[in-house]
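So this one's structure.cif, mmCIF, C-alpha atoms:
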```
data_data
#
loop_
_atom_site.label_atom_id
_atom_site.label_comp_id
_atom_site.auth_asym_id
_atom_site.auth_seq_id
_atom_site.Cartn_x
_atom_site.Cartn_y
_atom_site.Cartn_z
CA MET R 1 0.00 0.00 0.00
CA GLY R 2 1.09 3.55 -0.59
CA ASN R 3 0.51 4.66 2.96
CA SER R 4 1.87 2.94 6.07
CA ALA R 5 -0.79 4.47 8.35
CA TRP R 6 -3.36 2.68 10.40
CA VAL R 7 -6.64 4.54 10.87
CA PHE R 8 -9.30 3.76 13.49
CA LEU R 9 -12.79 5.08 12.67
CA THR R 10 -15.67 5.10 15.10
CA ASP R 11 -18.75 7.08 16.03
CA ARG R 12 -18.46 5.99 19.66
CA ALA R 13 -16.98 8.11 22.43
CA ASP R 14 -16.98 5.40 25.08
CA GLY R 15 -14.48 3.42 27.10
CA HIS R 16 -14.46 0.61 24.55
CA ALA R 17 -13.40 2.93 21.73
CA ASP R 18 -10.75 4.52 23.94
CA ARG R 19 -9.07 1.29 24.92
CA PHE R 20 -9.22 -0.08 21.38
CA TYR R 21 -7.44 3.04 20.19
CA ARG R 22 -4.78 2.71 22.89
CA LEU R 23 -4.19 -0.87 21.75
CA PHE R 24 -3.94 0.11 18.08
CA TYR R 25 -1.55 2.96 18.87
CA GLU R 26 0.67 0.64 20.90
CA ALA R 27 0.66 -1.93 18.10
CA HIS R 28 1.33 0.69 15.41
CA PRO R 29 2.65 3.99 16.83
CA GLY R 30 1.11 6.90 14.96
CA CYS R 31 -2.20 5.13 14.38
CA GLU R 32 -4.77 7.83 13.63
CA ARG R 33 -8.19 8.04 15.26
CA LEU R 34 -10.93 9.49 13.08
CA ASP R 35 -14.13 10.26 15.01
CA VAL R 36 -17.29 10.35 12.92
CA ALA R 37 -20.55 12.00 13.97
CA VAL R 38 -23.61 10.72 12.12
CA ASP R 39 -26.57 13.10 11.77
CA HIS R 40 -30.18 11.95 12.22
CA ASP R 41 -30.51 11.77 8.43
CA GLY R 42 -27.48 9.45 8.20
CA THR R 43 -25.00 12.06 7.00
CA PRO R 44 -21.53 11.40 8.44
CA ARG R 45 -19.33 14.30 9.49
CA ALA R 46 -15.61 14.10 10.20
CA THR R 47 -12.54 16.25 9.81
CA ARG R 48 -9.28 14.81 8.53
CA ASN R 49 -6.10 16.76 7.88
CA GLY R 50 -8.10 19.98 8.09
CA THR R 51 -10.63 18.85 5.48
CA ALA R 52 -14.32 18.49 6.34
CA LEU R 53 -15.76 15.17 5.18
CA THR R 54 -19.55 15.04 4.81
CA SER R 55 -20.25 11.79 2.97
CA TRP R 56 -19.23 8.15 3.19
CA ASP R 57 -17.80 8.43 -0.34
CA GLY R 58 -15.60 11.29 0.82
CA ILE R 59 -14.47 9.38 3.89
CA ARG R 60 -13.63 6.29 1.82
CA ASP R 61 -11.70 8.40 -0.68
CA SER R 62 -9.68 10.00 2.12
CA LEU R 63 -8.72 6.56 3.42
CA ALA R 64 -7.51 5.22 0.07
CA GLY R 65 -3.99 3.84 0.34
CA SER R 66 -4.03 3.42 4.12
CA ALA R 67 -2.21 0.31 5.25
CA LEU R 68 -5.08 -0.69 7.54
CA VAL R 69 -8.50 0.72 8.38
CA ILE R 70 -10.14 -0.50 11.59
CA SER R 71 -13.74 0.51 12.19
CA GLY R 72 -16.80 -0.07 14.33
CA PRO R 73 -19.60 -0.49 15.14
CA LEU R 74 -20.61 -2.46 12.08
CA ASP R 75 -24.10 -1.01 11.62
CA THR R 76 -23.34 2.69 11.93
CA VAL R 77 -19.80 2.85 10.52
CA SER R 78 -18.13 -0.26 9.11
CA HIS R 79 -20.62 -1.36 6.46
CA HIS R 80 -20.27 2.06 4.79
CA LEU R 81 -16.52 1.63 4.30
CA SER R 82 -16.13 -1.37 1.97
CA SER R 83 -13.30 -0.64 -0.46
CA ASP R 84 -10.56 -2.45 -2.36
CA THR R 85 -8.08 0.38 -1.70
CA TYR R 86 -7.19 -0.65 1.86
CA ARG R 87 -7.30 -3.58 4.23
CA HIS R 88 -10.34 -3.37 6.49
CA VAL R 89 -11.02 -4.77 9.96
CA GLY R 90 -14.51 -4.41 11.42
CA ILE R 91 -15.33 -4.49 15.13
CA SER R 92 -18.77 -5.56 16.30
CA TRP R 93 -20.26 -3.78 19.32
CA ALA R 94 -22.64 -6.78 19.71
CA THR R 95 -25.84 -4.71 19.43
CA ASP R 96 -25.07 -4.00 15.76
CA LEU R 97 -25.99 -7.62 15.01
CA MET R 98 -28.07 -8.61 18.05
CA VAL R 99 -30.36 -5.57 17.84
CA SER R 100 -29.95 -3.58 14.62
CA ALA R 101 -29.50 -6.42 12.12
CA ALA R 102 -32.04 -8.60 13.93
CA ALA R 103 -34.66 -5.87 13.49
CA SER R 104 -33.95 -5.15 9.81
CA GLN R 105 -33.37 -7.73 7.10
CA ALA R 106 -32.24 -4.94 4.78
CA LEU R 107 -29.49 -4.00 7.22
CA ALA R 108 -28.65 -7.66 7.86
CA THR R 109 -28.18 -8.17 4.13
CA SER R 110 -25.98 -5.06 3.89
CA LEU R 111 -23.88 -6.21 6.84
CA GLU R 112 -23.61 -9.68 5.34
CA GLY R 113 -21.98 -8.30 2.21
CA ALA R 114 -19.73 -5.97 4.20
CA VAL R 115 -18.34 -8.48 6.72
CA ALA R 116 -17.75 -11.13 4.06
CA SER R 117 -15.41 -8.69 2.27
CA MET R 118 -13.41 -7.70 5.37
CA ASP R 119 -9.91 -8.94 6.08
CA LEU R 120 -10.80 -9.55 9.73
CA VAL R 121 -13.86 -9.15 11.96
CA VAL R 122 -13.74 -8.82 15.74
CA THR R 123 -16.41 -9.86 18.22
CA ASP R 124 -16.66 -10.43 21.96
CA ASN R 125 -19.07 -13.38 22.07
CA TYR R 126 -19.89 -16.77 20.56
CA ALA R 127 -23.34 -15.77 19.31
CA THR R 128 -21.97 -13.01 17.10
CA GLU R 129 -19.15 -15.27 15.94
CA ASN R 130 -21.75 -17.77 14.75
CA ALA R 131 -23.69 -14.95 13.07
CA PHE R 132 -20.52 -14.01 11.15
CA VAL R 133 -20.06 -17.61 9.98
CA SER R 134 -23.71 -17.66 8.85
CA MET R 135 -22.97 -14.52 6.81
CA GLY R 136 -20.13 -16.19 4.94
CA VAL R 137 -17.13 -15.02 6.95
CA GLU R 138 -14.35 -17.62 6.99
CA PRO R 139 -13.72 -18.79 10.58
CA ASP R 140 -10.01 -17.94 10.33
CA LYS R 141 -10.99 -14.29 9.69
CA ILE R 142 -12.88 -14.01 12.98
CA VAL R 143 -11.19 -12.88 16.20
CA ARG R 144 -13.34 -13.46 19.28
CA ILE R 145 -12.02 -11.70 22.37
CA PRO R 146 -13.97 -10.91 25.54
CA TRP R 147 -13.99 -7.20 26.34
CA GLY R 148 -13.22 -8.08 29.93
CA PRO R 149 -11.78 -6.03 32.78
CA GLN R 150 -8.50 -4.22 32.55
CA PRO R 151 -6.04 -4.66 35.42
CA PHE R 152 -7.37 -2.75 38.41
CA GLU R 153 -5.16 0.27 38.92
CA ALA R 154 -3.70 1.07 42.30
CA THR R 155 -4.36 4.61 43.51
CA GLY R 156 -2.28 6.76 45.81
CA LYS R 157 -4.88 6.52 48.55
CA PRO R 158 -6.97 3.33 48.58
CA ILE R 159 -10.71 3.99 48.43
CA SER R 160 -12.90 1.78 50.60
CA GLY R 161 -16.52 0.83 50.27
CA SER R 162 -17.24 2.77 53.46
CA ASP R 163 -15.81 5.90 51.81
CA VAL R 164 -18.26 5.54 48.93
CA ARG R 165 -21.12 4.72 51.31
CA LYS R 166 -20.50 7.96 53.19
CA ARG R 167 -20.43 9.95 49.98
CA LEU R 168 -23.74 8.43 48.86
CA GLU R 169 -25.20 8.66 52.41
CA ILE R 170 -26.00 4.94 52.59
CA PRO R 171 -26.67 3.88 56.19
CA ASP R 172 -24.44 1.26 57.80
CA GLY R 173 -25.96 -2.20 57.93
CA LYS R 174 -27.71 -1.93 54.58
CA ARG R 175 -27.03 -4.61 51.96
CA VAL R 176 -26.40 -2.83 48.67
CA VAL R 177 -27.81 -3.99 45.34
CA LEU R 178 -25.89 -2.10 42.66
CA TYR R 179 -27.63 -1.38 39.35
CA PRO R 180 -24.67 -0.02 37.36
CA ARG R 181 -25.89 0.28 33.78
CA ALA R 182 -27.14 3.46 32.13
CA LEU R 183 -30.89 3.99 32.40
CA GLU R 184 -31.69 3.39 28.74
CA PRO R 185 -34.55 1.38 27.16
CA HIS R 186 -32.17 -1.37 26.02
CA TYR R 187 -31.22 -2.14 29.64
CA GLU R 188 -34.84 -2.26 30.90
CA PRO R 189 -34.31 -0.51 34.26
CA LEU R 190 -38.05 -0.49 35.01
CA VAL R 191 -37.89 -4.29 35.22
CA PHE R 192 -35.38 -3.81 38.02
CA ILE R 193 -37.54 -1.25 39.85
CA GLU R 194 -40.58 -3.55 39.77
CA ALA R 195 -38.54 -6.48 41.11
CA LEU R 196 -36.90 -4.25 43.72
CA SER R 197 -40.26 -3.19 45.13
CA THR R 198 -40.97 -6.82 46.03
CA VAL R 199 -37.45 -7.44 47.34
CA ALA R 200 -37.57 -4.33 49.56
CA ALA R 201 -40.81 -5.44 51.17
CA GLU R 202 -39.33 -8.84 52.02
CA TYR R 203 -35.80 -7.73 52.91
CA PRO R 204 -35.93 -4.35 54.70
CA ASP R 205 -32.13 -4.29 55.14
CA VAL R 206 -31.63 -4.15 51.35
CA CYS R 207 -31.13 -0.90 49.45
CA ALA R 208 -30.27 -0.15 45.84
CA VAL R 209 -27.71 2.16 44.28
CA ILE R 210 -28.62 3.35 40.80
CA VAL R 211 -26.31 5.35 38.56
CA GLU R 212 -28.03 8.59 37.56
CA SER R 213 -27.28 8.42 33.86
CA GLY R 214 -29.39 7.87 30.75
CA SER R 215 -32.55 9.00 29.01
CA LEU R 216 -34.87 7.11 31.38
CA VAL R 217 -33.71 8.83 34.59
CA PRO R 218 -36.99 10.79 34.89
CA ALA R 219 -39.10 7.68 34.24
CA VAL R 220 -37.14 5.63 36.77
CA LYS R 221 -37.41 8.38 39.40
CA THR R 222 -41.16 8.46 38.85
CA ALA R 223 -41.33 4.68 39.22
CA VAL R 224 -39.27 4.86 42.42
CA SER R 225 -41.72 7.38 43.83
CA ASP R 226 -44.81 5.50 42.68
CA THR R 227 -43.59 2.27 44.32
CA GLY R 228 -42.61 3.94 47.57
CA LEU R 229 -38.90 3.18 47.17
CA GLU R 230 -37.51 6.67 47.93
CA GLY R 231 -35.86 5.46 51.13
CA THR R 232 -34.56 2.32 49.46
CA VAL R 233 -32.92 3.82 46.36
CA PHE R 234 -29.74 5.88 46.52
CA TRP R 235 -28.59 7.76 43.44
CA ALA R 236 -24.94 7.79 42.41
CA PRO R 237 -23.22 10.04 39.89
CA THR R 238 -20.97 8.48 37.29
CA LEU R 239 -18.00 7.41 39.42
CA GLU R 240 -14.32 7.26 38.60
CA SER R 241 -12.95 3.72 38.33
CA PRO R 242 -11.43 3.46 41.86
CA GLU R 243 -14.70 4.56 43.49
CA PHE R 244 -16.78 2.39 41.18
CA HIS R 245 -14.68 -0.68 41.93
CA ALA R 246 -14.86 0.04 45.68
CA LEU R 247 -18.66 0.24 45.39
CA ILE R 248 -18.77 -3.08 43.50
CA ARG R 249 -16.65 -4.73 46.21
CA ASP R 250 -18.92 -3.34 48.92
CA SER R 251 -22.14 -4.44 47.22
CA ALA R 252 -24.01 -7.59 48.18
CA LEU R 253 -25.14 -7.98 44.59
CA VAL R 254 -24.73 -6.47 41.12
CA VAL R 255 -27.80 -6.61 38.87
CA VAL R 256 -28.05 -5.99 35.12
CA SER R 257 -31.18 -6.49 33.01
CA PRO R 258 -30.42 -5.87 29.31
CA ARG R 259 -32.53 -7.16 26.43
CA THR R 260 -29.36 -8.40 24.73
CA ASP R 261 -25.70 -8.04 25.56
CA GLY R 262 -22.25 -9.10 24.49
CA THR R 263 -19.55 -9.44 27.11
CA SER R 264 -20.52 -6.85 29.71
CA VAL R 265 -17.38 -5.31 31.18
CA THR R 266 -19.34 -4.33 34.30
CA VAL R 267 -20.44 -7.93 34.84
CA MET R 268 -16.89 -9.17 34.24
CA GLU R 269 -15.53 -6.63 36.75
CA ALA R 270 -18.02 -7.69 39.40
CA MET R 271 -17.18 -11.36 38.85
CA SER R 272 -13.45 -10.63 39.04
CA LEU R 273 -13.95 -8.64 42.25
CA GLY R 274 -15.87 -11.48 43.89
CA THR R 275 -19.31 -9.83 43.97
CA PRO R 276 -22.39 -11.95 43.17
CA VAL R 277 -24.02 -11.15 39.82
CA VAL R 278 -27.62 -11.45 38.65
CA THR R 279 -28.16 -10.92 34.92
CA SER R 280 -30.89 -11.36 32.36
CA GLN R 281 -30.21 -14.48 30.32
CA THR R 282 -28.88 -13.20 27.00
CA SER R 283 -26.69 -14.79 24.35
CA GLY R 284 -23.70 -12.85 25.65
CA SER R 285 -24.25 -13.35 29.36
CA ALA R 286 -24.89 -17.08 29.01
CA GLU R 287 -21.21 -17.63 28.14
CA TRP R 288 -20.18 -16.38 31.57
CA VAL R 289 -23.09 -16.57 33.99
CA MET R 290 -24.44 -20.10 34.38
CA ASP R 291 -27.32 -19.98 36.83
CA GLY R 292 -26.30 -21.48 40.15
CA VAL R 293 -22.71 -22.13 39.01
CA THR R 294 -21.05 -18.76 38.36
CA GLY R 295 -23.97 -16.44 39.15
CA TRP R 296 -27.74 -16.14 38.88
CA SER R 297 -29.91 -15.38 35.85
CA PHE R 298 -33.52 -14.68 34.91
CA PRO R 299 -35.61 -14.45 31.72
CA VAL R 300 -35.28 -11.18 29.80
CA GLY R 301 -37.98 -8.67 30.74
CA SER R 302 -39.32 -10.62 33.73
CA PRO R 303 -39.63 -8.68 37.01
CA ALA R 304 -40.88 -11.85 38.71
CA GLY R 305 -37.86 -13.78 37.43
CA LEU R 306 -35.51 -11.05 38.59
CA TYR R 307 -37.13 -10.97 42.04
CA SER R 308 -36.76 -14.76 42.29
CA ALA R 309 -33.08 -14.60 41.33
CA MET R 310 -32.33 -11.86 43.86
CA ALA R 311 -34.26 -13.72 46.57
CA ARG R 312 -32.20 -16.84 45.87
CA VAL R 313 -29.02 -14.85 46.44
CA PHE R 314 -30.30 -13.35 49.68
CA GLY R 315 -31.47 -16.77 50.84
CA ALA R 316 -28.21 -18.55 50.02
CA SER R 317 -25.67 -19.51 52.66
CA GLU R 318 -22.30 -17.78 52.85
CA SER R 319 -20.57 -20.97 51.70
CA GLU R 320 -22.84 -21.27 48.65
CA ILE R 321 -22.26 -17.66 47.66
CA SER R 322 -18.52 -18.06 48.23
CA SER R 323 -18.41 -21.14 45.99
CA ILE R 324 -20.24 -19.35 43.18
CA THR R 325 -18.22 -16.13 43.36
CA THR R 326 -14.95 -18.10 43.52
CA ARG R 327 -15.86 -19.94 40.32
CA ALA R 328 -16.91 -16.69 38.67
CA LYS R 329 -13.62 -14.99 39.56
CA ARG R 330 -11.59 -17.97 38.39
CA LEU R 331 -13.42 -18.01 35.05
CA VAL R 332 -13.05 -14.30 34.34
CA ASP R 333 -9.45 -14.09 35.49
CA SER R 334 -8.56 -17.06 33.30
CA ARG R 335 -10.54 -16.29 30.14
CA ALA R 336 -11.74 -12.69 29.99
CA GLY R 337 -9.02 -10.26 31.06
CA TRP R 338 -8.28 -7.41 28.65
CA SER R 339 -4.52 -8.07 28.79
CA ARG R 340 -5.07 -11.51 27.27
CA SER R 341 -7.68 -10.31 24.79
CA SER R 342 -5.64 -7.33 23.58
CA ALA R 343 -2.59 -9.53 23.00
CA ILE R 344 -4.67 -11.87 20.82
CA LEU R 345 -6.06 -9.02 18.75
CA SER R 346 -2.70 -7.27 18.40
CA LYS R 347 -1.13 -10.48 17.09
CA ALA R 348 -3.94 -10.96 14.57
CA LEU R 349 -3.62 -7.38 13.30
CA GLN R 350 0.14 -7.60 12.93
CA ALA R 351 -0.28 -10.77 10.85
CA LEU R 352 -2.38 -9.01 8.20
#
```
Please go through the file and, once you have read it, give me the structure as structure tokens.
Amino acid sequence: MGNSAWVFLTDRADGHADRFYRLFYEAHPGCERLDVAVDHDGTPRATRNGTALTSWDGIRDSLAGSALVISGPLDTVSHHLSSDTYRHVGISWATDLMVSAAASQALATSLEGAVASMDLVVTDNYATENAFVSMGVEPDKIVRIPWGPQPFEATGKPISGSDVRKRLEIPDGKRVVLYPRALEPHYEPLVFIEALSTVAAEYPDVCAVIVESGSLVPAVKTAVSDTGLEGTVFWAPTLESPEFHALIRDSALVVVSPRTDGTSVTVMEAMSLGTPVVTSQTSGSAEWVMDGVTGWSFPVGSPAGLYSAMARVFGASESEISSITTRAKRLVDSRAGWSRSSAILSKALQAL
């Protein structure tokens, strides 16, 4: 190729995109990151080398001759970038296939053509890997790596769970159920609130910490009020990693309730930190959370199922919980750490 550069394109400004870019830069110093904003009408907007790019044709033309283009998610970015003028690696964010393609056969067909032409595709779960194979991707062009926890960083002054409790004004003696995901429709937080109302009536020493982030914050606050949970729910701002990890360690339980999911980093962190996890049973979570073995699960969208799973945790003996959390930690530490995953991906990219 005429250009030795690697370019990473994404429309995401999240922790996943950030750590992928760090990995690509370490593997190929000077790797460029090109952030794309997509308007409601589908028009992409990016600036490269001082030039405004306002179409996918223009973006593809600007990339011509690059040694390697890495892009994701597949539905909003990658499938627009098919070209024979550069090598192309696409990264699935899981929901691009599990949600977007599943809801639109037109998009599924477009993605099918795009991924079959890529030099490599990256996923974090078995279900998406199988979807790629069904779309004609050769198995040796698929890299499946869990997007698991990064090594927990030491801080100058260790932060304890009691420090975070004081900040959030959680009374001593309360067992904390942490609901850490953003309050968005995809994560079905109202399922959690309905289940919590039953749990709180049966276990008065239980409280919940909910992160105050997402479009459904007003709806969830209304539901909390309507179900009389104001004294049970404590709201947390988005916390820095040391505080967040201290809160996970201090929690009796971490609960997530998505409609679909890949490898949830939050779930992996909780498992690695030895905190019990309850999750909706999705294609992604099923790889890691086997009910009664490495955690507890419930049917997607079922408040009654979620209540039952939480009640089983609260009714379990310390030895039973210890056995399950020990298995969970062993599994994640062995198979899902980001250090292992990033090394696998870096090796695959360098081989192209």
Residue among R:Leu183, R:Leu63, R:Val122, R:Cys31 lying closest to R:Leu216, counting all atoms listed in the file: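 Counting all atoms listed in the file, the residue closest to R:Leu216 is R:Leu183.
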Gap from atom CA of R:Leu229 to atom CA of R:Ala208 - Å, one decimal: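 The value is 9.3 Å.
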Hey, what comes out of the PyMOL selection byres ((chain R and resi 263) around 7) on this file? Could you write it as an mmCIF file with C-alpha atoms, in the frame of the given file?
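As a result, part15.cif now contains:
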```cif
data_model
loop_
_atom_site.group_PDB
_atom_site.id
_atom_site.type_symbol
_atom_site.label_atom_id
_atom_site.label_comp_id
_atom_site.auth_asym_id
_atom_site.auth_seq_id
_atom_site.Cartn_x
_atom_site.Cartn_y
_atom_site.Cartn_z
ATOM 1 C CA ASP R 124 -16.660 -10.430 21.960
ATOM 2 C CA ASN R 125 -19.070 -13.380 22.070
ATOM 3 C CA PRO R 146 -13.970 -10.910 25.540
ATOM 4 C CA TRP R 147 -13.990 -7.200 26.340
ATOM 5 C CA ASP R 261 -25.700 -8.040 25.560
ATOM 6 C CA GLY R 262 -22.250 -9.100 24.490
ATOM 7 C CA SER R 264 -20.520 -6.850 29.710
ATOM 8 C CA VAL R 265 -17.380 -5.310 31.180
ATOM 9 C CA GLY R 284 -23.700 -12.850 25.650
ATOM 10 C CA SER R 285 -24.250 -13.350 29.360
#
```
Output of the PyMOL selection byres ((chain R and resi 71) around 12), listed as a PyMOL selection string: chain R and resi 6-12+17+20-21+24+32-36+60+63+68-70+72-82+87-93+114-115+118-122
Atomic separation - atom CA of R:Lys347 relative to atom CA of R:Glu129, Å: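 Atom-to-atom, atom CA of R:Glu129 to atom CA of R:Lys347, that is 18.7 Å.
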Residues selected by the PyMOL selection byres ((chain R and resi 259) around 8), written as number ranges by chain: R: 186-188, 257-258, 260-261, 280, 282, 300-301
Exercise on stretch 253-264 of chain R, axis-aligned box with 3 Å per side, report centre and edge lengths in Å to one decimal, as AutoDock Vina command-line options:
```
--center_x -26.0 --center_y -7.7 --center_z 34.5 --size_x 19.0 --size_y 9.6 --size_z 26.1
```
Contacts of R:Thr238 at 12 Å (all atoms listed in the file; same-chain gap of 4+ positions) as JSON, numbers by chain: {"R": [168, 180, 181, 182, 183, 209, 210, 211, 212, 213, 214, 242, 243, 244, 247]}
9 Å contact set for R:Ile145, only C-alpha atoms, chain neighbours under 4 positions out, as number ranges by chain: R: 122-125, 336, 338, 340-342, 344-345
May I have the residues within 6 Å of R:Tyr307 as an mmCIF file with C-alpha atoms, in the coordinates of the input, using all atoms listed in the file and disregarding those fewer than 3 positions away in the same chain?
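Final file, result.cif:
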```cif
data_model
loop_
_atom_site.group_PDB
_atom_site.id
_atom_site.type_symbol
_atom_site.label_atom_id
_atom_site.label_comp_id
_atom_site.auth_asym_id
_atom_site.auth_seq_id
_atom_site.Cartn_x
_atom_site.Cartn_y
_atom_site.Cartn_z
ATOM 1 C CA ALA R 195 -38.540 -6.480 41.110
ATOM 2 C CA ALA R 304 -40.880 -11.850 38.710
ATOM 3 C CA MET R 310 -32.330 -11.860 43.860
#
```
Atom CA of R:Gly148 to atom CA of R:Glu269, straight-line distance in Å: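 Between atom CA of R:Glu269 and atom CA of R:Gly148 the gap works out to 7.3 Å.
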Nearest-residue call for R:Gly30, choices R:Ala5, R:Asp291, R:Val199, R:Ile321, using all atoms listed in the file: R:Ala5
Among listed residues R:Glu112, R:Asp333, R:Glu169, R:Glu320, nearest R:Ala131 (using all atoms listed in the file):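 Of all the options, R:Glu112 lies closest to R:Ala131.
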